[in-house]
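J.: Have a look at this one before I ask anything.
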Amino acid sequence: MRNYLKLLIFLLIMSSDALAGWVKNEPIQPLTADHDLNPKLAALGDRLFHDRRLSQDNSLSCAGCHVLSTGGTDGKAKSMGVSGAIGGIKAPTVYNTRFNFVQFWDGRAPTLEAQAAGPVHNPIEMNSNWQEVISKLGNDPSMVADFDALFEDGITGENITIAIAAFERSLVTLNSRFDRWLRGEKGVLTEKERRGYRLFKSYGCISCHQGVNVGGNMYGFIGAMGDYFEDRGGEITPADLGRYNVTQRAEDKHYFKVPSLRLAAVNPPYFHDGSAKTLNDAVRVMGRYQLGREIPDDEIEDIVAFLFSLVGEHIRFKP
């Protein structure tokens with residue numbers, strides 16, 4: 001018993017920086033790059049990701065709603081498609097999507113390839129189809145050459161999605177200060193940020209936001225501890241139904257893929273409906289409706305500081 005107490009006291013007085021080296025004991029793990037990607041395939045995907053010919057009127061590319069230089073979103077509660085059409089849900093970041101267990105808020109795409117096909121055919125996004133897209137790309141000799149060099153059957157809808165997905169798998173934000181702390185680097189986090197992480201775990205946020213992507217690996221019910229939608233006000237939209245839109249099961253209403261928090265600090269507004277304008281608001285709302293807790297303002301500030309430490313970098317994104 002005496003030895004146990006000595007060990008407990010020792011652990012309590014150790015600095016957070018010293019404990020940080022125990023990566024395997026933390027519920028969040030560092031991001032790693034995919035070193036098996038074909039660089040030529042990813043480069044073709046990069047071209048397609050920025051190609052407006054994927055849209056019906058040649059006005060919109062994937063990058064239009066997923067702006068890589070600012071964190072992989074467009075900063076809007078609802079994105080705009082072709083001809084000024086307004087979508088029904090907030091566009092999530094395209095960074096770190098390779099770590100998600102499904103794609104889209106409602107999880108309707110099991111892979112990045114399936115996700116890449118969605119906006120092309122969505123009438124309020126790109127409003128096109130593979131026949132139109134292939135016809136346009138087929139008139140571009142350099143595009144034809146790039147496809148022929150990588151695929152025996154050249155330009156097809158499937159090959160377009162394979163290339164875009166390869167590019168998206170390269171969009172990993174590495175070297176965040178939090179990941180460096182996890183790997184044992186001393187002095188890289190402030191005491192406020194470390195305190196925020198402790199609060200993040202002690203309040204229970206970690207139960208849904210954990211793993212390498214700090215989320216993106218499970219579904220969650222919005223409003224577990226209170227009626228989020230009644231208090232939000234306004235009509236319940238199809239987008240609010242979440243997973244139900246895929247399964248048509250009543251028990252799946254208001255279930256959503258838990259979003260990654262890796263770039264949450266730079267991607268307001270928040271939630272599927274964009275109803276929280278600031279990160280402080282988002283933490284407060286999550287505490288109230290998911291945890292049944294009213295988190296004090298000073299502790300919200302600490303948690304937000306921790307969330308900023310999760311922001312890594314990519315050649316296309318320098319925070």
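A note on labels: chains of the structure tokens are A, B, ... as shown, every chain counts residues from 1, and ligands are counted from 1 in their shown order.
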From the DSSP assignment of the backbone, select every residue of range 5-191 of chain A that is strand (DSSP E or B), and format the answer as a short mmCIF file (atom, residue, chain, number, x, y, z; two decimals) with N, CA, C and O atoms, in the first residue's frame.

T.:
```cif
data_model
loop_
_atom_site.label_atom_id
_atom_site.label_comp_id
_atom_site.auth_asym_id
_atom_site.auth_seq_id
_atom_site.Cartn_x
_atom_site.Cartn_y
_atom_site.Cartn_z
N VAL A 67 -11.70 24.76 -49.87
CA VAL A 67 -10.59 25.66 -50.17
C VAL A 67 -9.37 25.21 -49.36
O VAL A 67 -9.33 25.33 -48.13
N THR A 73 -12.39 24.00 -46.21
CA THR A 73 -13.81 24.30 -46.33
C THR A 73 -13.97 25.69 -46.95
O THR A 73 -12.98 26.37 -47.22
N MET A 80 -22.57 26.88 -51.90
CA MET A 80 -23.30 27.23 -53.12
C MET A 80 -22.86 26.33 -54.26
O MET A 80 -21.67 26.14 -54.49
N ILE A 86 -28.27 26.64 -53.38
CA ILE A 86 -27.75 26.60 -52.02
C ILE A 86 -27.94 25.21 -51.44
O ILE A 86 -29.04 24.65 -51.44
N GLN A 103 -17.74 8.64 -45.21
CA GLN A 103 -17.69 10.03 -45.68
C GLN A 103 -19.10 10.63 -45.71
O GLN A 103 -20.10 9.91 -45.76
N ALA A 109 -21.39 7.51 -47.96
CA ALA A 109 -20.30 7.04 -48.81
C ALA A 109 -19.32 6.23 -47.96
O ALA A 109 -18.71 6.76 -47.03
N LEU A 174 0.08 17.41 -40.97
CA LEU A 174 1.08 16.83 -40.06
C LEU A 174 1.70 17.89 -39.14
O LEU A 174 1.49 19.09 -39.32
#
```

J.: Pick out each residue of range 115-214 of chain A that DSSP on the backbone tags as helix (DSSP H, G or I); I need them as number ranges by chain.

T.: A: 115-121, 130-137, 141-150, 157-169, 177-182, 191-203, 205-207

J.: Do a neighbour search on range 238-252 of chain A at 6 Å with only C-alpha atoms, toss out local chain neighbours closer than 3 positions, and write the hits as a PyMOL selection string.

T.: chain A and resi 106+255-256

J.: Could you turn the residues from that selection into a file that holds C-alpha atoms, as a PDB file, in the first residue's frame?

T.:
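File result_1.pdb, as written:
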```pdb
ATOM      1  CA  ASP A 106     -24.714  10.934 -42.830  1.00  0.00           C
ATOM      2  CA  TYR A 255     -27.276  10.587 -35.892  1.00  0.00           C
ATOM      3  CA  PHE A 256     -24.232  11.995 -37.683  1.00  0.00           C
TER       4      PHE A 256
END
```

J.: So, with only C-alpha atoms as the atoms that count, which of A:Thr237, A:Thr161, A:Asn100, A:Ser59 lies closest to Gly87 in chain A?

T.: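 Among the listed residues, the smallest separation from Gly87 in chain A belongs to A:Thr237.
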
J.: For range 147-149 of chain A, work out the shell of residues within 12 Å, counting only C-alpha atoms and skipping chain neighbours fewer than 4 positions away, then give it as number ranges by chain.

T.: A: 40-45, 47-48, 134, 137-138, 140-143, 153-160, 162-163

J.: Keeping C-alpha atoms for every residue in the selection just given, could you write it to a file as a PDB file, in the first residue's frame?

T.:
```pdb
ATOM      1  CA  LYS A  40       1.382  10.489 -60.489  1.00  0.00           C
ATOM      2  CA  LEU A  41      -2.093   9.299 -59.557  1.00  0.00           C
ATOM      3  CA  ALA A  42      -2.319  11.866 -56.755  1.00  0.00           C
ATOM      4  CA  ALA A  43      -1.131  14.594 -59.171  1.00  0.00           C
ATOM      5  CA  LEU A  44      -3.902  13.679 -61.602  1.00  0.00           C
ATOM      6  CA  GLY A  45      -6.363  13.773 -58.719  1.00  0.00           C
ATOM      7  CA  ARG A  47      -5.817  18.424 -61.401  1.00  0.00           C
ATOM      8  CA  LEU A  48      -9.320  16.954 -61.252  1.00  0.00           C
ATOM      9  CA  ILE A 134     -15.875  12.380 -69.735  1.00  0.00           C
ATOM     10  CA  LEU A 137     -12.166  15.871 -70.400  1.00  0.00           C
ATOM     11  CA  GLY A 138     -11.800  13.736 -73.503  1.00  0.00           C
ATOM     12  CA  ASP A 140      -8.255  17.788 -73.564  1.00  0.00           C
ATOM     13  CA  PRO A 141      -5.219  15.950 -75.002  1.00  0.00           C
ATOM     14  CA  SER A 142      -3.110  16.420 -71.869  1.00  0.00           C
ATOM     15  CA  MET A 143      -5.863  14.986 -69.682  1.00  0.00           C
ATOM     16  CA  ASP A 153      -9.278   2.044 -69.991  1.00  0.00           C
ATOM     17  CA  GLY A 154      -8.445   5.762 -69.925  1.00  0.00           C
ATOM     18  CA  ILE A 155     -11.017   8.298 -68.747  1.00  0.00           C
ATOM     19  CA  THR A 156     -13.931   6.701 -66.927  1.00  0.00           C
ATOM     20  CA  GLY A 157     -16.080   7.791 -64.028  1.00  0.00           C
ATOM     21  CA  GLU A 158     -14.505   5.181 -61.800  1.00  0.00           C
ATOM     22  CA  ASN A 159     -10.989   6.263 -62.731  1.00  0.00           C
ATOM     23  CA  ILE A 160     -11.847   9.899 -62.043  1.00  0.00           C
ATOM     24  CA  ILE A 162      -9.856   6.818 -57.974  1.00  0.00           C
ATOM     25  CA  ALA A 163      -7.582   9.724 -58.883  1.00  0.00           C
TER      26      ALA A 163
END
```

J.: Hey, which of A:Pro39, A:Gly287, A:Gly226, A:Pro296 ends up closest to Leu150 in chain A? Count only C-alpha atoms.

T.: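 Comparing A:Pro39, A:Gly287, A:Gly226, A:Pro296 against Leu150 in chain A, the winner is A:Pro39.
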
J.: I'd like the neighbourhood of range 275-282 of chain A as a PyMOL selection string, where a residue qualifies if any of its atoms comes within 12 Å (using only C-alpha atoms), though same-chain residues fewer than 2 positions away should be ignored.

T.: chain A and resi 75-78+89-90+228-229+231-234+240+261+263-273+284-290+294-308

J.: Which is closer to His314 in chain A than all the others in A:Leu112, A:Leu68, A:Leu60, A:Met126, using only C-alpha atoms?

T.: A:Leu68

J.: Which residue, A:Leu189, A:Val212, A:Leu310, A:Ile222, has the smallest gap to Leu291 in chain A when you use only C-alpha atoms?

T.: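 Ranked by minimum distance to Leu291 in chain A, first place goes to A:Ile222.
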
J.: So what do you get for CA of Val133 in chain A versus CA of Leu54 in chain A, distance-wise?

T.: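 These atoms are spaced 5.5 Å apart.
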
J.: Just the residues within 10 Å of Phe178 in chain A, please, counting only C-alpha atoms, with nothing from its chain fewer than 2 positions along; format it as a list in words.

T.: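 Non-adjacent residues within range: Ala20, Ile28, Gln29, Pro30, Asn175, Ser176, Arg180, Trp181, Leu182, Arg183, Gly184, Glu185, Val188, Leu189, Glu193, Arg194, Tyr197, Phe306, Leu307, Phe308, Ser309, Leu310, Val311 and Gly312 of chain A.
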